[in-house]
Amino acid sequence: MSFATADDGSPRRQRAGRDAPGAPVYARSGEAPRALLARAGLAGEVPRPVIVVSGGAGDLEGSQLAVARAMLGPGVAAAASRTGAAVVDGGTDSGVMGLIGDERARNPAAIDVLLGVAPAGRVDSPAAGDESQPPLEPNHTHLVLADSDEWGGETPLLASLADALAHGAHVVMVVAGGGDGARQEVGEAIRRGWPLFVLEGTGGLADEIAARREGRGGNPQLRSELARGRVRAIGGTDPSDLAGPLAWELQDEPALKDAWVMFATYDRLAVRLRDTFERFQLAILVLGIVATTIALVHDAARADPLRNVLHWLAVAAPIFVSVLIALANQRASGKRWVLLRAAAEAVKSEIYRYRTATGVYARSVLDSGSTHVDAPQKLAERLAAIEGGLIQTDASGGPLTPYDGLLPPRMYGAEHGDDGLSALDPARYVEMRIADQIGYYAGRVHDLGRRRAVLQLVTLASGGVGALLAAAGAEIWIGATTALAGAALAHLGYLQADSSIVSCNQAAAQLAALQREFRAGGGATPAFETLVTRGESVLLTEVGGWVQQMTEALAQQQADQTKAVERAARARTQ
């Protein structure tokens, strides 16, 4: 470790069992933050992203300490390692500062700069020699003492140094526990526009902020401050849940972030339209069965009052079915869902090609002007082409409301702690893209197989019940079982279960073969470019086949429903 020497030349204070820090630098009145950083030996360390850690000093204990210990150090270290961020905190050997220092001791390469800022009059500094005061944490790489005798007196200096160290790069703050001192630091962060990440379950200010973000209270001043800031609460004990969002905020990748927003927008809309479409289809099928049953009951009824009621129900039910079919066709939820899903997968493929720097994003590829390819510009062009193609289709027939949730979307890469922006090496690509898709296909095949089995069982059972009714002389009710079987077959046709299961299994088998080939080669075979090209080709081919199958199935379904409406209309006029 390298530390700046103190102005007074004080020797290092040795502490048993741990490396002692170098003597801290004392801030001078009116000194510019960058000049102070230069005296501390950090002049050559800017610009770089910065993570400011704030929170409990001596008030973390029990389960709160366990959560902070599991999340804070490993999460901050992982984010710093991915982004090259420096870490700034209060510098004392207690609470969150002690946890961060311990993490650096375990993994110094991840946190290569750990700057502590504390009030000179409240710590056991070399100049003070007052062992009754809290000691400085010994694993910090740099220490600066503010000219103050009060806790909180160092807050303006800490914030100024963090901004100066970033020198235009991104700064974020992580809060675990905390009291009045942390509250001042949070206020400073909000005023400077830093995003806040609070660790739920660590008590104190962090839990108060998390509760307020969920509408569960908070004092008026805190509510007012948080209304102006960007706050994200992180729960659980998996440090990757903190590392991923931190790394997202710290990295300056506007084109890639735009790609994730586009993907998340299309993905969310596709899911919503699929759900809407399936609800419409379920309602149409159920009402069709009900209409048939009502008509049969009407024919069998003998009492005039009951026949009169059933007559009007028998007339109304087909009308409702016709209205639902018309609404479904007018909204084109099925078509829009398929188109948006295809566009989302196309964007996702571009994201992974960009992150692996392969294909058109390869840094070694030269364009026609014999200059290196501008990968962000190329990504923007590809996204514009996807968007331009989409808006020429039925997908533009409804609102394309931009996604405004958490990024990257939780369901993608969540189990890998992915920040969505970091460059991917071959092993990471295989883990996050290939293995993840194999798992997805396995789940989809299981779901489709289960639904297919249920629908086939309904069809067979309906036929069996119809045969029993015929044998019992109740032929009039066979129409109900026929309608139920027809509805099950219609839904089975829409699912395209057989062809979808085959295509998913084929794609999964090809990806699994690619995965085995990669592992057999010790991560060196095939070449990265070939690995990504083959992987993305398999995925896009499967999506293309699915789009064609679904487009044909939806067209056939619409034609069948239109004919059914026409038959019902003719029946009403007879």
# chains A, B, ... in the order shown; residues from 1 in each chain; ligands from 1
$ closest_atom_pairs --of "range 397-512 of chain A" --to "range 376-393 of chain A" --cutoff "12 Å" --atoms "only C-alpha atoms" --output "Markdown table"
| residue | atom | partner | partner_atom | distance |
| --- | --- | --- | --- | --- |
| A:Gly397 | CA | A:Thr393 | CA | 7.9 |
| A:Gly398 | CA | A:Ile391 | CA | 10.2 |
| A:Pro399 | CA | A:Ile391 | CA | 11.0 |
| A:Leu400 | CA | A:Ile391 | CA | 9.7 |
$ residues_around --residues "Ala68 in chain A" --least-positions-apart "3" --cutoff "8 Å" --atoms "only C-alpha atoms" --output "list in words"
Gln64, Leu65, Met71, Leu72, Gly73, Val96, Ala176, Leu199 and Thr202 of chain A
$ write_last_selection --atoms "C-alpha atoms" --output "JSON list (two decimals), in the first residue's frame"
[["chain", "number", "residue", "atom", "x", "y", "z"],
["A", 64, "GLN", "CA", -28.41, -6.13, 10.45],
["A", 65, "LEU", "CA", -24.67, -6.67, 10.66],
["A", 71, "MET", "CA", -23.90, -7.53, 0.84],
["A", 72, "LEU", "CA", -21.78, -4.44, 1.29],
["A", 73, "GLY", "CA", -18.14, -5.46, 0.95],
["A", 96, "VAL", "CA", -19.53, 0.00, 7.27],
["A", 176, "ALA", "CA", -26.20, 0.62, 5.03],
["A", 199, "LEU", "CA", -29.44, -1.94, 1.72],
["A", 202, "THR", "CA", -29.42, -3.08, 7.76]]
$ select_by_dssp --residues "range 60-211 of chain A" --states "strand (DSSP E)" --output "PDB file with C-alpha atoms, in the first residue's frame"
ATOM      1  CA  ALA A  86     -12.584   4.132  -6.447  1.00  0.00           C
ATOM      2  CA  VAL A  87     -14.326   3.835  -3.077  1.00  0.00           C
ATOM      3  CA  VAL A  88     -14.739   6.683  -0.589  1.00  0.00           C
ATOM      4  CA  ASP A  89     -16.031   6.370   2.977  1.00  0.00           C
ATOM      5  CA  LEU A 114     -10.067   3.198  -0.821  1.00  0.00           C
ATOM      6  CA  LEU A 115     -10.130   6.787   0.405  1.00  0.00           C
ATOM      7  CA  GLY A 116     -11.277   7.530   3.944  1.00  0.00           C
ATOM      8  CA  VAL A 117     -12.356  11.043   5.019  1.00  0.00           C
ATOM      9  CA  ALA A 118     -12.879  11.773   8.736  1.00  0.00           C
ATOM     10  CA  PRO A 119     -12.928  14.794  11.087  1.00  0.00           C
ATOM     11  CA  HIS A 142      -5.513   6.911   1.394  1.00  0.00           C
ATOM     12  CA  LEU A 143      -6.766   8.931   4.362  1.00  0.00           C
ATOM     13  CA  VAL A 144      -7.743  12.601   4.568  1.00  0.00           C
ATOM     14  CA  LEU A 145      -8.721  14.406   7.750  1.00  0.00           C
ATOM     15  CA  ALA A 146     -11.056  17.404   7.663  1.00  0.00           C
ATOM     16  CA  VAL A 171     -20.609   8.843  -8.609  1.00  0.00           C
ATOM     17  CA  VAL A 172     -23.055   6.706  -6.614  1.00  0.00           C
ATOM     18  CA  MET A 173     -23.709   6.306  -2.898  1.00  0.00           C
ATOM     19  CA  VAL A 174     -24.420   3.077  -1.013  1.00  0.00           C
ATOM     20  CA  VAL A 175     -26.142   3.362   2.382  1.00  0.00           C
ATOM     21  CA  ALA A 176     -26.204   0.617   5.031  1.00  0.00           C
ATOM     22  CA  LEU A 196     -28.612   6.227  -3.936  1.00  0.00           C
ATOM     23  CA  PHE A 197     -28.542   2.496  -3.223  1.00  0.00           C
ATOM     24  CA  VAL A 198     -29.861   1.530   0.208  1.00  0.00           C
ATOM     25  CA  LEU A 199     -29.437  -1.939   1.718  1.00  0.00           C
TER      26      LEU A 199
END
$ residues_around --residues "range 535-549 of chain A" --least-positions-apart "3" --cutoff "7 Å" --atoms "only C-alpha atoms" --output "list in words"
Val338, Ala342, Ser349, Ile434, Ser500, Ser503, Ala507, Leu511, Leu531, Val532, Glu552 and Ala553 of chain A
$ closest_residue --among "A:Asp267, A:Gly95, A:Ala357, A:Val76" --to "Glu61 in chain A" --atoms "only C-alpha atoms"
A:Gly95
$ select_by_dssp --residues "range 126-193 of chain A" --states "alpha helix (DSSP H)" --output "JSON, numbers by chain"
{"A": [155, 156, 157, 158, 159, 160, 161, 162, 163, 164, 165, 166, 180, 181, 182, 183, 184, 185, 186, 187, 188, 189, 190, 191]}
$ closest_residue --among "A:Glu154, A:Glu200, A:Asp447, A:Asp275" --to "Glu185 in chain A" --atoms "only C-alpha atoms"
A:Glu154
$ residues_around --residues "range 516-519 of chain A" --least-positions-apart "4" --cutoff "12 Å" --atoms "only C-alpha atoms" --output "MDAnalysis selection string"
chainID A and resid 426:431 434:435 509:512 523:528 530:532 534:535
$ residues_around --residues "Ala43 in chain A" --least-positions-apart "4" --cutoff "12 Å" --atoms "only C-alpha atoms" --output "PyMOL selection string"
chain A and resi 4+33-39+47-48+161+164-167
$ write_last_selection --atoms "N, CA and C atoms" --output "short mmCIF file (atom, residue, chain, number, x, y, z; two decimals), in the first residue's frame"
data_model
loop_
_atom_site.label_atom_id
_atom_site.label_comp_id
_atom_site.auth_asym_id
_atom_site.auth_seq_id
_atom_site.Cartn_x
_atom_site.Cartn_y
_atom_site.Cartn_z
N ALA A 4 0.25 8.84 1.44
CA ALA A 4 0.97 10.11 1.54
C ALA A 4 1.44 10.29 2.98
N PRO A 33 -10.15 20.83 -3.69
CA PRO A 33 -10.20 19.37 -3.57
C PRO A 33 -9.15 18.66 -4.44
N ARG A 34 -8.95 19.12 -5.65
CA ARG A 34 -7.98 18.44 -6.51
C ARG A 34 -6.56 18.62 -6.01
N ALA A 35 -6.28 19.76 -5.41
CA ALA A 35 -4.96 19.96 -4.83
C ALA A 35 -4.76 19.05 -3.63
N LEU A 36 -5.82 18.89 -2.84
CA LEU A 36 -5.74 17.99 -1.69
C LEU A 36 -5.54 16.54 -2.14
N LEU A 37 -6.24 16.15 -3.20
CA LEU A 37 -6.05 14.81 -3.73
C LEU A 37 -4.61 14.61 -4.23
N ALA A 38 -4.07 15.65 -4.84
CA ALA A 38 -2.69 15.56 -5.32
C ALA A 38 -1.73 15.35 -4.16
N ARG A 39 -1.95 16.05 -3.05
CA ARG A 39 -1.09 15.86 -1.88
C ARG A 39 -1.25 14.46 -1.29
N PRO A 47 -9.75 10.81 -14.43
CA PRO A 47 -11.11 10.57 -13.93
C PRO A 47 -11.40 9.08 -13.77
N ARG A 48 -12.31 8.76 -12.88
CA ARG A 48 -12.75 7.38 -12.69
C ARG A 48 -14.06 7.39 -11.92
N LEU A 161 -14.37 15.74 -2.39
CA LEU A 161 -13.28 14.88 -2.84
C LEU A 161 -13.78 13.78 -3.76
N ALA A 164 -14.32 15.39 -7.08
CA ALA A 164 -13.03 15.72 -7.70
C ALA A 164 -12.33 14.46 -8.19
N LEU A 165 -12.42 13.39 -7.42
CA LEU A 165 -11.80 12.13 -7.81
C LEU A 165 -12.47 11.57 -9.07
N ALA A 166 -13.79 11.70 -9.15
CA ALA A 166 -14.51 11.23 -10.34
C ALA A 166 -14.16 12.07 -11.56
N HIS A 167 -14.01 13.37 -11.37
CA HIS A 167 -13.60 14.29 -12.44
C HIS A 167 -14.51 14.14 -13.67
#
